[in-house]
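Working notes for the structure below.
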Amino acid sequence: KNQVEQSPQSLIILEGKNCTLQCNYTVSPFSNLRWYKQDTGRGPVSLTIMTFSENTKSNGRYTATLDADTKQSSLHITASQLSDSASYICVVTLNYGGSQGNLIFGKGTKLSVKP
Amino acid sequence: KAGVTQTPRYLIKTRGQQVTLSCSPISGHRSVSWYQQTPGQGLQFLFEYFSETQRNKGNFPGRFSGRQFSNSRSEMNVSTLELGDSALYLCASSLGGSAEQYFGPGTRLTVT
């Protein structure tokens, strides 16, 4: 069964600290993996997208890694800010092509950054 | 470029009623997808429309339906509302295929 599991479910860190969010997937055939940030009451916003051949991709203080062999991805946030408080959603695309219905969503990690 | 807009932003309905939600995609985007988001289930795919045709449908009952107009604007309808339909309904637009999606702010539906 195609699944995306994220951990932890929730996380509280102090402002300025680093953190790492995990995403494990059992999705085949794999096309790409995306990380989204969703602020409360808003729609998700894309942070990174990685294909099979990409190991690392950065977007400012956000760095995503992908290990296609172990089917694991992580999102590392450096020097966290209060504005990083949000849910982070991992999404894997099936390689059937041609439709957004081929996206498998994780349930997200809720991050709270405290002053 | 204006982003994806959804109306209304908040809605309260009672069981048994029906509701219509609207989504205006980014200009030039012909694909519109709809998702239901609940705390327990996360984001779940409802359906995708491209050039007025439904391309894909998720595992939801027939009470959930949608359509897309020639200007790519889309509507989603839920009939005979149930308490479990309370959720954030998100619309996303893209150029099509598995191109990058851009989400709207969502419509928060509460069924009492």
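Every chain in the structure tokens has a letter given in the order shown (A, B, ...), and although residue numbers restart at 1 in each chain, ligands are simply numbered from 1 in the order shown.
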Distance query Leu94 (chain A) at most 6 Å, only C-alpha atoms, self and fewer than 5 positions along chain excluded, as a ChimeraX atom specification: /A:29-31,102
Close residues, Ala87 (chain B) itself excluded, 6 Å, only C-alpha atoms, min 5 positions apart in chain, as a VMD selection string:
chain B and resid 37 to 38 109
Interface rows for chain A against chain B: nearest pair, Å to one decimal, 12 Å, only C-alpha atoms, as CSV:
```
residue,atom,partner,partner_atom,distance
A:Val4,CA,B:Gly42,CA,11.1
A:Glu5,CA,B:Gly42,CA,11.3
A:Gln6,CA,B:Gly42,CA,11.3
A:Gln9,CA,B:Pro39,CA,11.2
A:Ser31,CA,B:Ser98,CA,9.4
A:Asn32,CA,B:Ser98,CA,9.7
A:Leu33,CA,B:Glu100,CA,11.3
A:Arg34,CA,B:Glu100,CA,9.5
A:Trp35,CA,B:Glu100,CA,11.7
A:Tyr36,CA,B:Phe103,CA,10.4
A:Lys37,CA,B:Phe103,CA,11.1
A:Gln38,CA,B:Pro105,CA,9.8
A:Asp39,CA,B:Pro105,CA,9.8
A:Thr40,CA,B:Pro105,CA,9.8
A:Gly41,CA,B:Pro105,CA,7.0
A:Arg42,CA,B:Pro105,CA,4.5
A:Gly43,CA,B:Pro105,CA,4.4
A:Pro44,CA,B:Phe103,CA,6.0
A:Val45,CA,B:Phe103,CA,6.9
A:Ser46,CA,B:Tyr102,CA,7.8
A:Leu47,CA,B:Glu100,CA,11.1
A:Thr48,CA,B:Glu100,CA,10.4
A:Ile49,CA,B:Glu100,CA,8.8
A:Met50,CA,B:Glu100,CA,11.7
A:Ser87,CA,B:Gly42,CA,10.6
A:Tyr88,CA,B:Gly42,CA,11.2
A:Ile89,CA,B:Gly42,CA,9.0
A:Cys90,CA,B:Leu43,CA,10.7
A:Val91,CA,B:Leu43,CA,9.9
A:Val92,CA,B:Ser98,CA,11.1
A:Thr93,CA,B:Ser98,CA,8.0
A:Leu94,CA,B:Ser98,CA,9.4
A:Asn95,CA,B:Ser98,CA,9.2
A:Tyr96,CA,B:Ser98,CA,9.4
A:Gly97,CA,B:Ser98,CA,6.4
A:Gly98,CA,B:Gly97,CA,3.8
A:Ser99,CA,B:Gly97,CA,4.9
A:Gln100,CA,B:Ser98,CA,5.6
A:Gly101,CA,B:Asn56,CA,5.8
A:Asn102,CA,B:Ser98,CA,8.1
A:Leu103,CA,B:Phe45,CA,8.1
A:Ile104,CA,B:Gln44,CA,8.5
A:Phe105,CA,B:Leu43,CA,6.3
A:Gly106,CA,B:Gly42,CA,7.0
A:Lys107,CA,B:Gly42,CA,4.6
A:Gly108,CA,B:Gly42,CA,7.2
A:Thr109,CA,B:Gly42,CA,10.4
A:Lys110,CA,B:Pro39,CA,10.8
```
| Which value, in Å to one decimal, gives the distance between CA of Gly60 (chain A) and CA of Asn24 (chain A)? |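 Interatomic distance here is 23.2 Å.
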- Would you please extract all strand (DSSP E) residues from chain A, as assigned by DSSP on the backbone, and give them as a PyMOL selection string? chain A and resi 3-7+10-14+19-26+30-38+45-51+56-59+62-67+72-77+86-94+103-105+109-114
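With distances restricted to only C-alpha atoms, A:Asn2 is the closest residue to Lys71 (chain A) from A:Asn2, A:Asn18, A:Ser10, A:Ser83.
Between CA of Leu95 (chain B) and CA of Ile26 (chain B) there is a distance of 9.1 Å.
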When you draw a straight line from CA of Ser70 (chain B) to CA of Gln6 (chain B), how long is it in Å?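 Computed distance, CA of Ser70 (chain B) to CA of Gln6 (chain B), equals 17.4 Å.
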Report task. Quick one: pick out all helix (DSSP H, G or I) residues within chain A from a backbone DSSP run and write them as a count of residues only. Result -> 6
- Query: Could you name the residues that touch Ser74 (chain B) at 8 Å or less, counting only C-alpha atoms, but leaving out those on the same chain fewer than 5 positions away, as a PyMOL selection string?
  - Reply: chain B and resi 22-24+32+66-69
Resulting file, chosen residues, N, CA, C and O atoms, as a compact mmCIF listing (two decimals), in the first residue's frame:
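Okay, selection.txt is ready:
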```
# COMPACT_ATOMS: atom_id res chain seq x y z
N SER B 22 -16.29 27.60 -4.09
CA SER B 22 -15.76 28.10 -5.35
C SER B 22 -14.25 28.29 -5.29
O SER B 22 -13.70 28.63 -4.24
N CYS B 23 -13.60 28.09 -6.41
CA CYS B 23 -12.15 28.23 -6.51
C CYS B 23 -11.79 28.92 -7.83
O CYS B 23 -12.22 28.48 -8.90
N SER B 24 -10.99 29.98 -7.73
CA SER B 24 -10.47 30.64 -8.93
C SER B 24 -8.98 30.38 -9.01
O SER B 24 -8.24 30.79 -8.11
N VAL B 32 -7.27 22.17 -11.80
CA VAL B 32 -7.73 22.51 -10.45
C VAL B 32 -8.01 21.22 -9.71
O VAL B 32 -8.72 20.35 -10.21
N GLY B 66 -18.02 17.94 -8.40
CA GLY B 66 -17.39 19.19 -8.79
C GLY B 66 -17.60 19.45 -10.26
O GLY B 66 -18.17 18.62 -10.98
N ARG B 67 -17.16 20.61 -10.66
CA ARG B 67 -17.17 20.94 -12.08
C ARG B 67 -16.18 22.06 -12.33
O ARG B 67 -15.75 22.75 -11.40
N GLN B 68 -15.83 22.22 -13.58
CA GLN B 68 -14.92 23.29 -13.96
C GLN B 68 -15.51 24.01 -15.16
O GLN B 68 -16.06 23.38 -16.08
N PHE B 69 -15.36 25.30 -15.15
CA PHE B 69 -15.92 26.13 -16.21
C PHE B 69 -14.85 26.44 -17.26
O PHE B 69 -13.66 26.17 -17.05
```
